[in-house]
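Visitor: Encoded as structure tokens, here's the structure I'll be asking about.
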Amino acid sequence: MCRTHRSWHRKFAGFNLWTALYSSWVLGVFPFIYVSRTRKIRRSRLLVGYGIILNVVIASVVFQNYAATEPAGKEEIFKRNPLAHQINQLHNVLLLSTVFVVFFRNWWMSEELGKILNMLLDIHHHHFVEFDSSDCKDFDNFIIYKGSCIVMEIISTINIEIMMVPRYSLRMFAGFLSLLLMQLGVLLVCMHFHLAVIFIYRSLWIVNRKLLRLVNQLNVFRATESTRVHELHYLYERLLELNLRIVAIYDYQITLLMMSLLTNNIISPFFVIIYAISLKNPVTICIGLKFLLYITTKLGHFWLHIAFCELAVRTNKESARILKLFNDIPDMSTDLERSITDLVLFSSHQRLKFNHFGMFDVDNAMGFRMIIACALHLVYLVQFDYMNL
């Protein structure tokens with residue numbers, strides 16, 4: 001029964017991966033094709049051109065039909081509270097900047113990204129392909145979480161649009177569909193980063209299991225080849241290097257996406273306060289639940305990004321704990337002891353981390369601080385503008 005559930009779970013995770021791949025190709029945000037003969041991916045100029053043309057067309061449709069997709073309730077809010085109008089304009093600038101930077105960096109850095117992905121494929125085919133990773137449950141779980149989070153983002157956006165836009169027209173549907181495609185494209189680009197992180201996590205997980213096997217082998221047979229330690233040292237070093245390069249590629253995209261998610265959770269409650277309290281409009285249970293879904297989805301998406309990074313960092317810390325087990329093994333050969341010492345020294349000075357622009361580490365502590373800051377900013381807005389409420 002458990003084995004059947006596990007098989008279904010892996011298939012569903014694979015379905016999420018295939019869906020993300022084909023959706024990325026359709027929206028032109030993954031300009032690579034896989035060459036089975038060389039087991040490598042190749043950057044396609046045709047896909048790059050297709051992606052640029054398609055997303056420029058989508059953006060132009062969004063701008064042409066922007067007025068038709070604006071909720072009617074916003075006009076009342078802006079008339080009642082000029083500060084809300086100014087904040088909305090600043091937020092629109094942030095969203096436009098996010099879309100432009102995400103797509104531009106995605107195409108501009110695609111050649112470097114292709115090299116990194118080929119290195120990950122090369123490591124997998126040469127060192128990990130024969131290793132049974134079926135016990136790596138978090139790998140499948142987080143892929144499913146990410147796919148579900150994107151689906152919930154789209155559903156919550158549709159709910160809010162249906163709730164706030166009573167005037168349906170062809171221009172509204174065209175603008176709203178283009179807006180959804182643009183949002184999906186941005187979310188898929190950021191999903192590529194999270195998938196790269198989760199594949200690095202699985203590689204580190206396999207390295208840790210190989211280290212544990214080595215410890216058990218030394219405890220039983222009291223001997224092993226130092227070349228196996230050299231191989232694990234090489235893999236460990238390469239994975240940390242690839243992680244740094246991936247973080248550098250996605251610095252701007254991920255930071256802007258996190259800012260957009262958090263500012264949504266400040267501005268949306270502020271607008272609801274004006275709409276319900278200042279304008280004295282009734283808020284039904286249905287509207288309240290849809291708004292709660294919208295806020296929860298944004299917050300959950302923000303925290304999922306932190307969870308991806310924390311998972312990889314925890315696995316890296318586990319490597320240090322496993323290496324301490326070698327201290328309990330006596331009578332090791334000189335070469336083996338030297339190899340293990342080199343690996344211990346390297347792992348103690350080089351740790352996996354997710355640091356954007358050298359300014360802040362992505363971890364649970366940072367996430368809590370940002371959520372508290374959002375709540376405080378909402379309080380400041382209400383206090384600052386209480387005369388207009």
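Naming scheme: A, B, ... for chains in displayed order of the structure tokens; residues 1 onward per chain; ligands 1 onward as shown.
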Taking 4 positions as the minimum chain separation for residues in the same chain, which residues sit within 7 Å of range 261-272 of chain A when counting only C-alpha atoms? Answer as an NGL selection string.
Guide: :A and (257 or 276 or 295 or 298 or 302 or 374 or 377-378)
Visitor: Just the selected residues (all heavy atoms), exported as an mmCIF file, in the first residue's frame, please.
Guide:
data_model
loop_
_atom_site.group_PDB
_atom_site.id
_atom_site.type_symbol
_atom_site.label_atom_id
_atom_site.label_comp_id
_atom_site.auth_asym_id
_atom_site.auth_seq_id
_atom_site.Cartn_x
_atom_site.Cartn_y
_atom_site.Cartn_z
ATOM 1 N N LEU A 257 10.370 39.469 -7.216
ATOM 2 C CA LEU A 257 9.159 38.682 -6.986
ATOM 3 C C LEU A 257 8.780 38.691 -5.509
ATOM 4 O O LEU A 257 7.602 38.851 -5.158
ATOM 5 C CB LEU A 257 9.374 37.239 -7.461
ATOM 6 C CG LEU A 257 8.181 36.305 -7.226
ATOM 7 C CD1 LEU A 257 7.003 36.717 -8.097
ATOM 8 C CD2 LEU A 257 8.557 34.852 -7.495
ATOM 9 N N ALA A 276 -14.292 48.860 2.819
ATOM 10 C CA ALA A 276 -15.303 48.380 3.769
ATOM 11 C C ALA A 276 -15.644 49.400 4.843
ATOM 12 O O ALA A 276 -16.818 49.545 5.209
ATOM 13 C CB ALA A 276 -14.811 47.081 4.422
ATOM 14 N N ILE A 295 -4.700 36.584 -0.102
ATOM 15 C CA ILE A 295 -3.619 36.958 0.813
ATOM 16 C C ILE A 295 -2.814 35.727 1.233
ATOM 17 O O ILE A 295 -1.572 35.745 1.257
ATOM 18 C CB ILE A 295 -4.181 37.677 2.052
ATOM 19 C CG1 ILE A 295 -4.800 39.017 1.659
ATOM 20 C CG2 ILE A 295 -3.095 37.882 3.103
ATOM 21 C CD1 ILE A 295 -3.814 40.016 1.125
ATOM 22 N N LYS A 298 -0.478 34.496 -1.586
ATOM 23 C CA LYS A 298 0.718 35.332 -1.730
ATOM 24 C C LYS A 298 1.713 35.051 -0.611
ATOM 25 O O LYS A 298 2.925 34.924 -0.846
ATOM 26 C CB LYS A 298 0.326 36.816 -1.713
ATOM 27 C CG LYS A 298 -0.574 37.263 -2.846
ATOM 28 C CD LYS A 298 0.131 37.214 -4.173
ATOM 29 C CE LYS A 298 -0.772 37.734 -5.297
ATOM 30 N NZ LYS A 298 -0.148 37.587 -6.619
ATOM 31 N N PHE A 302 5.478 33.251 -0.913
ATOM 32 C CA PHE A 302 6.681 33.869 -0.360
ATOM 33 C C PHE A 302 7.409 32.899 0.569
ATOM 34 O O PHE A 302 8.631 32.734 0.487
ATOM 35 C CB PHE A 302 6.285 35.145 0.395
ATOM 36 C CG PHE A 302 7.382 35.713 1.256
ATOM 37 C CD1 PHE A 302 8.436 36.408 0.684
ATOM 38 C CD2 PHE A 302 7.353 35.554 2.633
ATOM 39 C CE1 PHE A 302 9.449 36.923 1.481
ATOM 40 C CE2 PHE A 302 8.356 36.077 3.430
ATOM 41 C CZ PHE A 302 9.412 36.760 2.848
ATOM 42 N N CYS A 374 5.787 43.826 7.040
ATOM 43 C CA CYS A 374 4.573 44.068 6.251
ATOM 44 C C CYS A 374 3.415 44.487 7.156
ATOM 45 O O CYS A 374 2.678 45.435 6.837
ATOM 46 C CB CYS A 374 4.193 42.810 5.479
ATOM 47 S SG CYS A 374 5.255 42.464 4.080
ATOM 48 N N HIS A 377 3.994 48.037 8.321
ATOM 49 C CA HIS A 377 3.754 49.022 7.253
ATOM 50 C C HIS A 377 2.258 49.254 7.050
ATOM 51 O O HIS A 377 1.837 50.386 6.780
ATOM 52 C CB HIS A 377 4.405 48.565 5.947
ATOM 53 C CG HIS A 377 5.859 48.906 5.841
ATOM 54 N ND1 HIS A 377 6.847 48.128 6.387
ATOM 55 C CD2 HIS A 377 6.489 49.960 5.271
ATOM 56 C CE1 HIS A 377 8.028 48.665 6.144
ATOM 57 N NE2 HIS A 377 7.839 49.785 5.467
ATOM 58 N N LEU A 378 1.469 48.187 7.173
ATOM 59 C CA LEU A 378 0.015 48.352 7.055
ATOM 60 C C LEU A 378 -0.514 49.217 8.193
ATOM 61 O O LEU A 378 -1.351 50.110 7.974
ATOM 62 C CB LEU A 378 -0.655 46.977 7.061
ATOM 63 C CG LEU A 378 -2.181 46.973 7.008
ATOM 64 C CD1 LEU A 378 -2.682 47.657 5.737
ATOM 65 C CD2 LEU A 378 -2.712 45.545 7.091
#
Visitor: Under the rule of at most 8 Å, produce a per-residue listing of range 244-354 of chain A near range 150-165 of chain A: chain, number, name, the closest pair of atoms, and the distance in Å, as a tab-separated table, using only C-alpha atoms.
Guide:
residue	atom	partner	partner_atom	distance
A:Ile287	CA	A:Met163	CA	7.3
A:Lys290	CA	A:Asn159	CA	6.5
A:Phe291	CA	A:Ile160	CA	7.2
A:Leu293	CA	A:Ser156	CA	6.4
A:Tyr294	CA	A:Ser156	CA	5.1
A:Thr297	CA	A:Glu153	CA	6.2
A:Lys298	CA	A:Glu153	CA	7.3
Visitor: Please provide as number ranges by chain all residues within 9 Å of Ile274 in chain A, with the sequence filter that same-chain residues fewer than 4 positions apart are discarded (counting only C-alpha atoms).
Guide: A: 77, 80-81, 84, 269-270, 278-280, 388-389
Visitor: Take the residues just selected and output them with C-alpha atoms as an mmCIF file, in the first residue's frame.
Guide:
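Saved result, again36.cif, follows:
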data_model
loop_
_atom_site.group_PDB
_atom_site.id
_atom_site.type_symbol
_atom_site.label_atom_id
_atom_site.label_comp_id
_atom_site.auth_asym_id
_atom_site.auth_seq_id
_atom_site.Cartn_x
_atom_site.Cartn_y
_atom_site.Cartn_z
ATOM 1 C CA ILE A 77 -11.323 53.925 -3.409
ATOM 2 C CA ARG A 80 -12.139 58.595 -1.434
ATOM 3 C CA ASN A 81 -8.420 58.307 -0.665
ATOM 4 C CA ALA A 84 -4.323 54.903 -2.166
ATOM 5 C CA PRO A 269 -5.658 44.912 3.089
ATOM 6 C CA PHE A 270 -5.300 48.716 2.987
ATOM 7 C CA SER A 278 -14.473 54.366 4.675
ATOM 8 C CA LEU A 279 -16.947 53.684 1.876
ATOM 9 C CA LYS A 280 -19.186 51.553 4.130
ATOM 10 C CA ASN A 388 -9.191 59.962 5.246
ATOM 11 C CA LEU A 389 -10.549 56.654 6.542
#
Visitor: List the neighbours of Asp251 in chain A out to 7 Å using only C-alpha atoms; skip same-chain residues closer than 4 positions along the sequence, and give me the result as a list in words.
Guide: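 Skipping anything fewer than 4 positions along the chain leaves Val247, Thr255, His356 and Phe357 of chain A.
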Visitor: Excluding same-chain residues fewer than 2 positions from range 117-134 of chain A, what lies within 9 Å of it counting only C-alpha atoms, as a PyMOL selection string?
Guide: chain A and resi 6+10+39-42+112-115+136-137+196+199-200+202-203+205-207+235+238-239+242
Visitor: Excluding same-chain residues fewer than 3 positions from Ser60 in chain A, what lies within 12 Å of it counting only C-alpha atoms, as a VMD selection string?
Guide: chain A and resid 53 to 57 63 to 66 174 to 175 178 to 179 182
